[in-house]
Amino acid sequence: MKLNEISDNEGAIKDRKRVGRGIGSGTGKTGGRGVKGQKSRSGVAINGFEGGQMPIYRRLPKRGFTNIFAKSFTVVSVGRIQAAVDAKKLDAKKTVDVAALIEAGVVRRVKDGVRILADGEVSAKLTLEVAGASKSAIEKIEKAGGTVKLLVAAKEAAE
């Protein structure tokens with residue numbers, strides 16, 4: 001088999017519908033748009049229009065707000081880190097930071113930092129450098145003999 005001989009299975013790709021190509025095509029003349037009216041013409045965008053009635057998005061009251069300064073953390077559980085240590089993807093003797101977690105495949109992308117949560121158990125003596133951690137996660141790590149250094153608190157103190 002050569003690269004130029006590779007093709008999709010029969011029927012896997014449908015031909016696109018060619019509209020307005022004569023009456024015999026089945027989608028000729030009006031092109032599947034029906035007859036007359038605003039929607040049969042080109043350049044129509046009437047999403048949310050309710051025929052002059054006050055639209056639902058204007059009838060309902062506004063509520064709440066979005067904090068544009070909110071931080072979005074990548075969440076990692078203590079159990080997930082322990083699993084990576086057990087699988088020899090993370091070295092428990094070295095400092096576990098964002099770069100180490102990405103290299104081990106524990107996290108894929110970091111938004112505003114990594115936050116550790118207490119889901120699962122930990123037995124390895126870990127030294128973590130992360131943006132945040134829950135109180136119960138810090139307790140579990142320190143109970144196993146490890147330490148947690150929070151980077152966000154250090155950054156805010158410097159400002």
# chains A, B, ... in the order shown; residues from 1 in each chain; ligands from 1

$ residues_around --residues "range 76-89 of chain A" --least-positions-apart "6" --cutoff "9 Å" --atoms "only C-alpha atoms" --output "ChimeraX atom specification"
/A:101,103-107,114-124,137,140-141

$ write_last_selection --atoms "all heavy atoms" --output "short mmCIF file (atom, residue, chain, number, x, y, z; two decimals), in the first residue's frame"
data_model
loop_
_atom_site.label_atom_id
_atom_site.label_comp_id
_atom_site.auth_asym_id
_atom_site.auth_seq_id
_atom_site.Cartn_x
_atom_site.Cartn_y
_atom_site.Cartn_z
N LEU A 101 5.69 18.69 37.36
CA LEU A 101 4.35 18.11 37.17
C LEU A 101 4.00 17.99 35.69
O LEU A 101 3.39 17.01 35.26
CB LEU A 101 3.29 18.95 37.89
CG LEU A 101 3.34 18.93 39.42
CD1 LEU A 101 2.39 19.98 40.00
CD2 LEU A 101 2.99 17.55 39.96
N GLU A 103 6.24 17.72 33.20
CA GLU A 103 7.15 16.71 32.66
C GLU A 103 6.66 15.30 33.00
O GLU A 103 6.78 14.38 32.19
CB GLU A 103 8.56 16.93 33.21
CG GLU A 103 9.63 16.17 32.45
CD GLU A 103 11.01 16.43 33.00
OE1 GLU A 103 11.33 17.61 33.24
OE2 GLU A 103 11.77 15.46 33.20
N ALA A 104 6.08 15.14 34.20
CA ALA A 104 5.58 13.83 34.63
C ALA A 104 4.23 13.50 34.00
O ALA A 104 3.75 12.37 34.11
CB ALA A 104 5.47 13.80 36.15
N GLY A 105 3.60 14.50 33.38
CA GLY A 105 2.30 14.27 32.75
C GLY A 105 1.14 14.35 33.74
O GLY A 105 0.04 13.89 33.44
N VAL A 106 1.39 14.92 34.90
CA VAL A 106 0.32 15.06 35.91
C VAL A 106 -0.63 16.18 35.50
O VAL A 106 -1.84 16.06 35.62
CB VAL A 106 0.91 15.33 37.31
CG1 VAL A 106 -0.18 15.56 38.34
CG2 VAL A 106 1.77 14.15 37.74
N VAL A 107 -0.06 17.30 35.01
CA VAL A 107 -0.89 18.39 34.48
C VAL A 107 -0.49 18.64 33.03
O VAL A 107 0.67 18.44 32.64
CB VAL A 107 -0.74 19.71 35.29
CG1 VAL A 107 -1.32 19.57 36.67
CG2 VAL A 107 0.68 20.17 35.35
N VAL A 114 -0.75 26.03 39.88
CA VAL A 114 -1.30 24.73 40.29
C VAL A 114 -1.75 24.81 41.74
O VAL A 114 -1.06 25.38 42.58
CB VAL A 114 -0.23 23.62 40.11
CG1 VAL A 114 -0.71 22.31 40.68
CG2 VAL A 114 0.13 23.47 38.65
N ARG A 115 -2.93 24.26 42.01
CA ARG A 115 -3.46 24.20 43.37
C ARG A 115 -3.64 22.75 43.76
O ARG A 115 -4.21 21.96 43.01
CB ARG A 115 -4.79 24.95 43.43
CG ARG A 115 -5.37 25.02 44.83
CD ARG A 115 -6.55 25.99 44.86
NE ARG A 115 -7.44 25.70 45.96
CZ ARG A 115 -7.25 26.08 47.21
NH1 ARG A 115 -6.19 26.78 47.53
NH2 ARG A 115 -8.12 25.79 48.16
N ILE A 116 -3.15 22.38 44.93
CA ILE A 116 -3.20 21.00 45.42
C ILE A 116 -4.42 20.82 46.31
O ILE A 116 -4.65 21.62 47.22
CB ILE A 116 -1.92 20.64 46.22
CG1 ILE A 116 -0.65 20.99 45.42
CG2 ILE A 116 -1.92 19.18 46.62
CD1 ILE A 116 -0.44 20.22 44.17
N LEU A 117 -5.19 19.76 46.04
CA LEU A 117 -6.34 19.42 46.87
C LEU A 117 -6.11 18.07 47.55
O LEU A 117 -5.30 17.27 47.11
CB LEU A 117 -7.62 19.39 46.04
CG LEU A 117 -8.02 20.71 45.38
CD1 LEU A 117 -9.35 20.56 44.66
CD2 LEU A 117 -8.11 21.85 46.37
N ALA A 118 -6.85 17.81 48.63
CA ALA A 118 -6.55 16.69 49.52
C ALA A 118 -7.18 15.36 49.13
O ALA A 118 -7.22 14.45 49.94
CB ALA A 118 -6.98 17.06 50.94
N ASP A 119 -7.66 15.22 47.92
CA ASP A 119 -8.30 13.97 47.50
C ASP A 119 -7.25 12.87 47.37
O ASP A 119 -6.26 13.04 46.67
CB ASP A 119 -9.02 14.21 46.16
CG ASP A 119 -9.97 13.09 45.83
OD1 ASP A 119 -10.52 12.48 46.76
OD2 ASP A 119 -10.17 12.82 44.63
N GLY A 120 -7.45 11.75 48.04
CA GLY A 120 -6.50 10.64 47.99
C GLY A 120 -5.53 10.65 49.17
O GLY A 120 -5.64 11.49 50.06
N GLU A 121 -4.60 9.71 49.15
CA GLU A 121 -3.63 9.58 50.24
C GLU A 121 -2.22 9.82 49.71
O GLU A 121 -1.93 9.62 48.54
CB GLU A 121 -3.71 8.17 50.85
CG GLU A 121 -5.02 7.89 51.57
CD GLU A 121 -5.33 8.86 52.69
OE1 GLU A 121 -4.41 9.20 53.47
OE2 GLU A 121 -6.48 9.30 52.78
N VAL A 122 -1.34 10.25 50.61
CA VAL A 122 0.06 10.46 50.26
C VAL A 122 0.95 9.80 51.31
O VAL A 122 0.67 9.88 52.50
CB VAL A 122 0.37 11.97 50.09
CG1 VAL A 122 0.20 12.72 51.40
CG2 VAL A 122 1.77 12.19 49.54
N SER A 123 2.00 9.11 50.82
CA SER A 123 2.93 8.47 51.75
C SER A 123 4.37 8.94 51.51
O SER A 123 5.22 8.80 52.38
CB SER A 123 2.85 6.95 51.60
OG SER A 123 3.10 6.59 50.25
N ALA A 124 4.63 9.51 50.33
CA ALA A 124 5.98 9.98 50.00
C ALA A 124 6.28 11.30 50.70
O ALA A 124 5.38 12.11 50.93
CB ALA A 124 6.11 10.14 48.49
N ALA A 137 -4.95 19.44 52.43
CA ALA A 137 -3.87 18.89 51.59
C ALA A 137 -2.51 19.16 52.23
O ALA A 137 -1.65 18.28 52.27
CB ALA A 137 -3.92 19.51 50.20
N LYS A 140 -2.04 16.74 55.12
CA LYS A 140 -1.70 15.38 54.67
C LYS A 140 -0.23 15.29 54.26
O LYS A 140 0.46 14.33 54.60
CB LYS A 140 -2.59 14.98 53.48
CG LYS A 140 -3.95 14.49 53.87
CD LYS A 140 -4.68 13.93 52.67
CE LYS A 140 -6.07 13.45 53.07
NZ LYS A 140 -6.79 12.84 51.95
N ILE A 141 0.24 16.30 53.52
CA ILE A 141 1.63 16.29 53.04
C ILE A 141 2.60 16.42 54.21
O ILE A 141 3.61 15.70 54.28
CB ILE A 141 1.85 17.41 52.00
CG1 ILE A 141 1.06 17.08 50.73
CG2 ILE A 141 3.32 17.58 51.67
CD1 ILE A 141 0.81 18.25 49.81
#

$ select_by_dssp --residues "chain A" --states "alpha helix (DSSP H)" --output "PyMOL selection string"
chain A and resi 56-59+78-86+98-104+135-143+151-158

$ write_last_selection --atoms "C-alpha atoms" --output "PDB file, in the first residue's frame"
ATOM      1  CA  ILE A  56     -36.372  36.763  26.864  1.00  0.00           C
ATOM      2  CA  TYR A  57     -32.815  37.970  27.348  1.00  0.00           C
ATOM      3  CA  ARG A  58     -34.211  41.461  27.979  1.00  0.00           C
ATOM      4  CA  ARG A  59     -37.187  40.354  30.090  1.00  0.00           C
ATOM      5  CA  VAL A  78      -2.577  14.623  46.483  1.00  0.00           C
ATOM      6  CA  GLY A  79      -3.485  11.093  45.353  1.00  0.00           C
ATOM      7  CA  ARG A  80      -2.618  11.927  41.730  1.00  0.00           C
ATOM      8  CA  ILE A  81       0.847  13.139  42.784  1.00  0.00           C
ATOM      9  CA  GLN A  82       1.380   9.988  44.893  1.00  0.00           C
ATOM     10  CA  ALA A  83       0.375   7.842  41.881  1.00  0.00           C
ATOM     11  CA  ALA A  84       2.995   9.640  39.752  1.00  0.00           C
ATOM     12  CA  VAL A  85       5.641   9.026  42.456  1.00  0.00           C
ATOM     13  CA  ASP A  86       4.667   5.335  42.618  1.00  0.00           C
ATOM     14  CA  VAL A  98       4.998  23.150  37.972  1.00  0.00           C
ATOM     15  CA  ALA A  99       7.720  22.112  35.518  1.00  0.00           C
ATOM     16  CA  ALA A 100       8.128  18.719  37.218  1.00  0.00           C
ATOM     17  CA  LEU A 101       4.347  18.112  37.168  1.00  0.00           C
ATOM     18  CA  ILE A 102       4.144  18.919  33.448  1.00  0.00           C
ATOM     19  CA  GLU A 103       7.146  16.707  32.659  1.00  0.00           C
ATOM     20  CA  ALA A 104       5.579  13.830  34.628  1.00  0.00           C
ATOM     21  CA  LYS A 135      -5.480  23.266  54.416  1.00  0.00           C
ATOM     22  CA  SER A 136      -6.312  19.549  54.461  1.00  0.00           C
ATOM     23  CA  ALA A 137      -3.867  18.890  51.594  1.00  0.00           C
ATOM     24  CA  ILE A 138      -1.082  20.711  53.462  1.00  0.00           C
ATOM     25  CA  GLU A 139      -1.892  18.672  56.599  1.00  0.00           C
ATOM     26  CA  LYS A 140      -1.701  15.383  54.673  1.00  0.00           C
ATOM     27  CA  ILE A 141       1.631  16.289  53.044  1.00  0.00           C
ATOM     28  CA  GLU A 142       3.178  17.488  56.326  1.00  0.00           C
ATOM     29  CA  LYS A 143       1.879  14.363  58.116  1.00  0.00           C
ATOM     30  CA  LEU A 151       4.139  30.832  45.607  1.00  0.00           C
ATOM     31  CA  VAL A 152       0.993  33.052  45.406  1.00  0.00           C
ATOM     32  CA  ALA A 153       1.359  34.174  49.029  1.00  0.00           C
ATOM     33  CA  ALA A 154       5.010  35.035  48.407  1.00  0.00           C
ATOM     34  CA  LYS A 155       4.099  36.999  45.250  1.00  0.00           C
ATOM     35  CA  GLU A 156       1.370  39.003  47.006  1.00  0.00           C
ATOM     36  CA  ALA A 157       3.666  39.805  49.932  1.00  0.00           C
ATOM     37  CA  ALA A 158       6.279  41.185  47.523  1.00  0.00           C
TER      38      ALA A 158
END

$ atom_distance --atom1 "CA of Ala92 in chain A" --atom2 "CA of Leu128 in chain A"
9.6 Å

$ atom_distance --atom1 "CA of Ala45 in chain A" --atom2 "CA of Lys17 in chain A"
21.6 Å

$ select_by_dssp --residues "range 43-154 of chain A" --states "strand (DSSP E or B)" --output "PyMOL selection string"
chain A and resi 74-77+95-96+114-117+127-130+132-133+147-150
